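Here's the structure we're looking at; comments come further down.
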Amino acid sequence: MKTQGIGARVPRKEDRRFLHGRGNYVSDMVMPGQSEVAFLRSPIAHGRIRGIVKPAGLERSVFVRADLKGLKPIVAHATVPSYKVSEQHPLAHDKVRFVGEPVAMTIARTRAEAEDIAEKIELDIEELPALVNAHAARLDKSVRLHEDWDDNLFLTLNLDNGFAAKSKDAPVVIHREISMARQAMVPMEGKAVLAHWDERADQLIVYTSTQVPHMIRVGLAQTLGIDEGQIRVISPDVGGGFGYKCVLQPEELCVAWLAFTYRKPFRYIEDRREHLIAGANSRQHHYKLTGYADRNGRLLALDAEVTIDGGAYSNWPFTVALEPGQATGNLPGPYDFRGYRCRTYCVATNKPGFLPYRGVARTSVCFAMELMIDAIARAVGREPWEVRHDNLVPASAMPYDNVARKHYDSGDYRKSLLLAKEKIGFEKWRARQKQGEPDGRRIGIGFATYCEQSAHGTSVFAAWGLPVIPGYDQATVRVTPDGGLEVRVGVHSHGQGMETTLAQIAHEVLGIELQRIRVVHGDTGTTPYSTGTYASRSIVMAGGAVANTCKELARRLEAIGAHLMQCAVGSVRLEGGQIVGPQRAVTIREVAQAWYVRPELLPPDVHLGGLEATIGFRPKVDTGVFSYASHAAVVAVDTEMGDVEILDYVIVEDCGTLVNPMVVDGQTLGGAAQGIGTAMYEESPYDANGQPLASTLADYMLPGPTEVPAMRIHHMETPSPYTEFGIKGMGEGGAIAPPAVLFNAVNDALRDFGVELTETPLTPRRVLEALAKAKTKVAP
Amino acid sequence: MKAAAFDYTRPRDVGEAIAALAAHDGAAKLLAGGQSLGPMLNLRLARPALLVDVSRLGELKEITDRGDVWRIGGAVTHAAIEDRAGTMPGAEMLCAVAGGIAYRAVRNRGTIGGSLAHADPAADWPLALAALGAEIEIRGRAGPRRCAADAFMKGAFATALAEDEIIVAVEVPKLSRAARWGYYKYCRKTGEFPEASAACVFDPERRVARAFVGALSGAPAAVAGLAEAVAAQGSAACTRDAALAAIAAAASALDEVEKRMYAAALQRALEQAVRT
């Protein structure tokens, strides 16, 4: 039983401060002379700014775009064909393009006083027609979000691989329209940034709640027009990112500009209302699908038209192109079929710019695909799990290149589904369904299987031509004079438990006790460059770099150890934290003492890198390694009230080699809770004028502990052939399947009524409307 | 968002509180638990010049047995009532409803007087106290007066209170041993406001048969006809169609989906009472 290395269920080291309220967040930081920042945000979805009048006597506390001298707009380029560039000014320039867009900023001693000043600003905006519906926006010939564009499309993607041949003469043809609502990510901590000028270091220091400190440094340097050496970005404890914080934020630019210009500390903390309004930026996809199958439900071809509601601006550096790219490529999912045609529109609308939320497009495509599989099963009269099983890529076919040319490295999808079916107690529930419930509710059972591209690297991002491409992640590892270890990485752990898991990997190689291994992350001043934590990449990339670097240190420790023991290098090995020779052993501590304190003991040809090294890593195949899972759920539907209760939920997941099973469980559960939110509760609706209708937690419903059931998780371990130790990323998976599995379960429950729900979230209203509509259809 | 600036005073008794309200001519607001007022202050939807804190006034925090009624002080918290379950004979429904309001953290501070004065259509007390036939004791500059609970709420966030008046107490008639009651609310999420709610009280000893529907757009709506039918015929009168008809009559502005949900809530509240 592993106790400290890879596979050990060690409690997280970082929890010691998190669970005792001793975390250190930007909101905890107060510097002498600090000013608080508030933003005046556009109350109108689309308009031309005619004038902004600062309140008399308070002009020096108010800033508009024209005041931000030297600050460039956020512009993200990509070489994806048809992609159009948008310009996002950190404070709105001539137009406002979504309700919540920052138009002015105010500074004062307290946030309340800054808001008092913001209230007094007079804003004169000429209202323009708002583009709120993506389909209408795509076809609109007169209204333009970005006036230099000839339409409102960020881009259009087309893919066709064998479609005509494979769809021809298919005996079963199923059409479906499926959609996922817009929502916010709602991390517990919103955006937060504190910037100040450090005279001694001659640097702008920016503390910001971000997932990607090194990339923010790059972005700030470019937009402020200064050298990167003059900026240090530090990401302290971060209360959740989920993709909201993997991009350059306009508020980061504004606060950094203030600190750089005035050489004083300034801080901005996003509040919940700002987040729900200006952060309504994810998940909104619409699918027109046609599935072509044989009479057994074996999928032959899939035709898809996907419309993504891209919001007003493309983010930096991932660009809004990431979402349509991921949608087109991942829609086929874990299935084996060879005919595929997909057209994806990414449309500009008067809403906050689209951002990649945990799972990215995979949550929406899984929803669409899994509902299609179940629809096919119903059409051919077979159980959905069976039809799903027959269509899944078999383990014997791995590695498998899917019809969208994605390379699946390893996995046994069918086994995960069969295990989920067994663990949920499928036969028992089918029997209970036949009996009926004493309270009249309808029971339903659903399944969903997905695969999750993780740790995709250079070749994938380079193909899109993004402003920043991930490359070799590095780790700087240093043995301390007393034989402990410092591991420095450029990723940022903001919930993934990396202060523990990266230490476990280091322990696996070097054998140093976990409590003596310190992981340093989040600071551009003290860590090697990395594009950061996103796309479930960190454990693979940073983990691989840590392993590589520790292996180099192991060689150096052995060389010095051998010399100390006066034996040949080839006759020693590092084991259990010691260098073991033919007659005796020396500890790592003794070797460290030789290098740092007793250098007269060192071999004359000692490696000049000493006991510190920085080595990079990239997986053998960098198009991504694929985790996967099958989810199964049982629901009870109250057909009078429209309520849906989750009675049981099982997850069978496989992320290759598990570094820390408890961390994997935590990531899975957290993601699944968010998936339940997406499936049943969360929605950011707009009226016809682009006004957001859910701006507080009274209107925007999040699942709480009483809505998230106790989920049973089972692990399979199929290592990746391409990574260190066979590890795969898995941080997003839990958030991918819940909408699919819950809708499949509800549709199973309401099958006798001829009801099929295809639109998130699963509200009581939608259930009752569907039941009422089905009744009128069936009426004689 | 942060609240706009305000002044704060803590009066020593109800008389001082009323004087403070009267002196500020509508620009002062009472602060009890702050569970509704707090968010409104932060969202700047309410901007009183002065907060008059009555949360610690002893004379407003008493629960007294007055023979055939329980007298609950206006500043008594929901948690205080919840925690008295089992020790207030005749107030079983009161204690049960108290324990289902929002979350415990909210119940620790929120008050019965505050809930009634705020008059959120989706709140529990306006509905439950209407069904219980409670009376509200009010005091202002003009002196004391009383108002029936089912006449107190005029509409969403609007009550019969004048600017200088305070809810001093609520008098709730005790349920007799033969009484049966039902209280049902459907919340998509535990602790949140309900989508539909209903309450009913049947006390043959006192010849009481009341049913109300809550979580509408204004005050709770009485469904007297159905209440009388259930009092007379029991479960035979608690049908789906009867509930739908009662809802259609009491709240005609609802759409078809809403009517179904409110009818289900009403039917379930009635069934709770009938099955006791």
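A note on labels: chains of the structure tokens are A, B, ... as shown, every chain counts residues from 1, and ligands are counted from 1 in their shown order.
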
For this session: Could you list the residues in chain A lying within 9 Å of chain B, using only C-alpha atoms, and format the result as number ranges by chain?
Result: A: 111-113, 115-116, 271-274, 640-644, 681, 698, 701-704, 706-707, 763-765, 768-769, 772

Exercise. Which residues, written as an MDAnalysis selection string, have at least one atom at most 6 Å from stretch 31-45 of chain A, with only C-alpha atoms counted and residues fewer than 4 positions away on the same chain left out?
Worked result: chainID A and resid 97:111 114:115 118 265:268 350 690

Exercise. Given the choices B:Ala245, B:Leu132, B:Val52, B:Ala156, which gets closest to B:Glu171 if the distance is worked out from only C-alpha atoms?
Worked result: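 The closest residue to B:Glu171 is B:Leu132.
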
Select from stretch 125-165 of chain B everything DSSP, run on the backbone, classes as helix (DSSP H, G or I), then give the selection as a PDB file with N, CA, C and O atoms, in the first residue's frame.
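The resulting file, states_14.pdb, is shown below:
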ATOM      1  N   TRP B 125     -44.301  33.340   6.620  1.00  0.00           N
ATOM      2  CA  TRP B 125     -45.200  33.847   7.670  1.00  0.00           C
ATOM      3  C   TRP B 125     -46.493  34.473   7.147  1.00  0.00           C
ATOM      4  O   TRP B 125     -47.576  34.200   7.686  1.00  0.00           O
ATOM      5  N   PRO B 126     -46.466  35.298   6.111  1.00  0.00           N
ATOM      6  CA  PRO B 126     -47.762  35.843   5.646  1.00  0.00           C
ATOM      7  C   PRO B 126     -48.759  34.728   5.309  1.00  0.00           C
ATOM      8  O   PRO B 126     -49.947  34.830   5.619  1.00  0.00           O
ATOM      9  N   LEU B 127     -48.289  33.656   4.698  1.00  0.00           N
ATOM     10  CA  LEU B 127     -49.158  32.546   4.328  1.00  0.00           C
ATOM     11  C   LEU B 127     -49.633  31.781   5.562  1.00  0.00           C
ATOM     12  O   LEU B 127     -50.843  31.566   5.762  1.00  0.00           O
ATOM     13  N   ALA B 128     -48.687  31.361   6.395  1.00  0.00           N
ATOM     14  CA  ALA B 128     -49.030  30.512   7.544  1.00  0.00           C
ATOM     15  C   ALA B 128     -49.928  31.252   8.531  1.00  0.00           C
ATOM     16  O   ALA B 128     -50.884  30.688   9.064  1.00  0.00           O
ATOM     17  N   LEU B 129     -49.623  32.527   8.776  1.00  0.00           N
ATOM     18  CA  LEU B 129     -50.391  33.273   9.773  1.00  0.00           C
ATOM     19  C   LEU B 129     -51.787  33.623   9.255  1.00  0.00           C
ATOM     20  O   LEU B 129     -52.733  33.728  10.037  1.00  0.00           O
ATOM     21  N   ALA B 130     -51.939  33.763   7.954  1.00  0.00           N
ATOM     22  CA  ALA B 130     -53.279  33.959   7.382  1.00  0.00           C
ATOM     23  C   ALA B 130     -54.106  32.703   7.632  1.00  0.00           C
ATOM     24  O   ALA B 130     -55.253  32.775   8.076  1.00  0.00           O
ATOM     25  N   ALA B 131     -53.515  31.541   7.368  1.00  0.00           N
ATOM     26  CA  ALA B 131     -54.236  30.278   7.576  1.00  0.00           C
ATOM     27  C   ALA B 131     -54.559  30.049   9.052  1.00  0.00           C
ATOM     28  O   ALA B 131     -55.594  29.476   9.397  1.00  0.00           O
ATOM     29  N   ALA B 149     -54.138  39.103  10.239  1.00  0.00           N
ATOM     30  CA  ALA B 149     -53.005  38.732   9.389  1.00  0.00           C
ATOM     31  C   ALA B 149     -53.427  38.631   7.938  1.00  0.00           C
ATOM     32  O   ALA B 149     -52.673  39.012   7.039  1.00  0.00           O
ATOM     33  N   ASP B 150     -54.630  38.127   7.668  1.00  0.00           N
ATOM     34  CA  ASP B 150     -55.015  37.948   6.257  1.00  0.00           C
ATOM     35  C   ASP B 150     -55.456  39.242   5.592  1.00  0.00           C
ATOM     36  O   ASP B 150     -55.843  39.245   4.440  1.00  0.00           O
ATOM     37  N   ALA B 151     -55.420  40.374   6.357  1.00  0.00           N
ATOM     38  CA  ALA B 151     -55.721  41.673   5.751  1.00  0.00           C
ATOM     39  C   ALA B 151     -54.520  42.596   5.794  1.00  0.00           C
ATOM     40  O   ALA B 151     -54.576  43.728   5.324  1.00  0.00           O
ATOM     41  N   PHE B 152     -53.423  42.119   6.367  1.00  0.00           N
ATOM     42  CA  PHE B 152     -52.274  42.990   6.631  1.00  0.00           C
ATOM     43  C   PHE B 152     -51.450  43.266   5.379  1.00  0.00           C
ATOM     44  O   PHE B 152     -50.970  44.376   5.169  1.00  0.00           O
TER      45      PHE B 152
END

Polymer residues at most 7 Å from stretch 59-71 of chain B, only C-alpha atoms, same-chain spacing of 6 or more positions, as a PDB file with C-alpha atoms, in the first residue's frame:
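Output file part01.pdb follows:
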ATOM      1  CA  VAL B 168     -45.060  44.820  18.353  1.00  0.00           C
ATOM      2  CA  ALA B 169     -46.362  41.249  18.427  1.00  0.00           C
ATOM      3  CA  VAL B 170     -48.322  38.558  16.604  1.00  0.00           C
ATOM      4  CA  GLU B 171     -51.162  36.751  18.375  1.00  0.00           C
ATOM      5  CA  VAL B 172     -51.726  33.224  17.104  1.00  0.00           C
ATOM      6  CA  PRO B 173     -54.842  31.317  18.212  1.00  0.00           C
ATOM      7  CA  LYS B 174     -53.969  27.950  19.690  1.00  0.00           C
TER       8      LYS B 174
END

For this session: Write out as a list of chain:residue names which residues come within 10 Å of A:Asp148 when counting only C-alpha atoms, dropping same-chain ones fewer than 3 positions away.
Result: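 My reading of the contact set: A:Lys84, A:Val85, A:Ser86, A:Arg144, A:Leu145, A:Asp151.
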
Could the residues in this selection be written to a file with C-alpha atoms, as a PDB file, in the first residue's frame?
ATOM      1  CA  LYS A  84     -12.198  37.617 -37.312  1.00  0.00           C
ATOM      2  CA  VAL A  85     -10.340  39.726 -34.785  1.00  0.00           C
ATOM      3  CA  SER A  86     -12.203  41.824 -32.217  1.00  0.00           C
ATOM      4  CA  ARG A 144     -23.134  44.900 -36.697  1.00  0.00           C
ATOM      5  CA  LEU A 145     -21.474  44.258 -33.376  1.00  0.00           C
ATOM      6  CA  ASP A 151     -21.310  39.976 -40.701  1.00  0.00           C
TER       7      ASP A 151
END

Exercise. In stretch 221-336 of chain A, what's strand (DSSP E) per DSSP? Answer as a PyMOL selection string?
Worked result: chain A and resi 231-234+266-269+280-282+285-293+299-309

For this session: Name the residues in contact with A:Glu323 at a cut-off of 7 Å, using only C-alpha atoms, excluding same-chain residues fewer than 2 positions from it; report them as a list in words.
Result: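 What passes the distance filter is Val320, Ala321, Gly325, Gln326, Ala327, Pro356, Val360 and Ala361 of chain A.
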
Exercise. Using only C-alpha atoms, which of A:Gln4, A:Val569, A:Ile560, A:Val606 sits nearest A:Glu513?
Worked result: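 Of all the options, A:Gln4 lies closest to A:Glu513.
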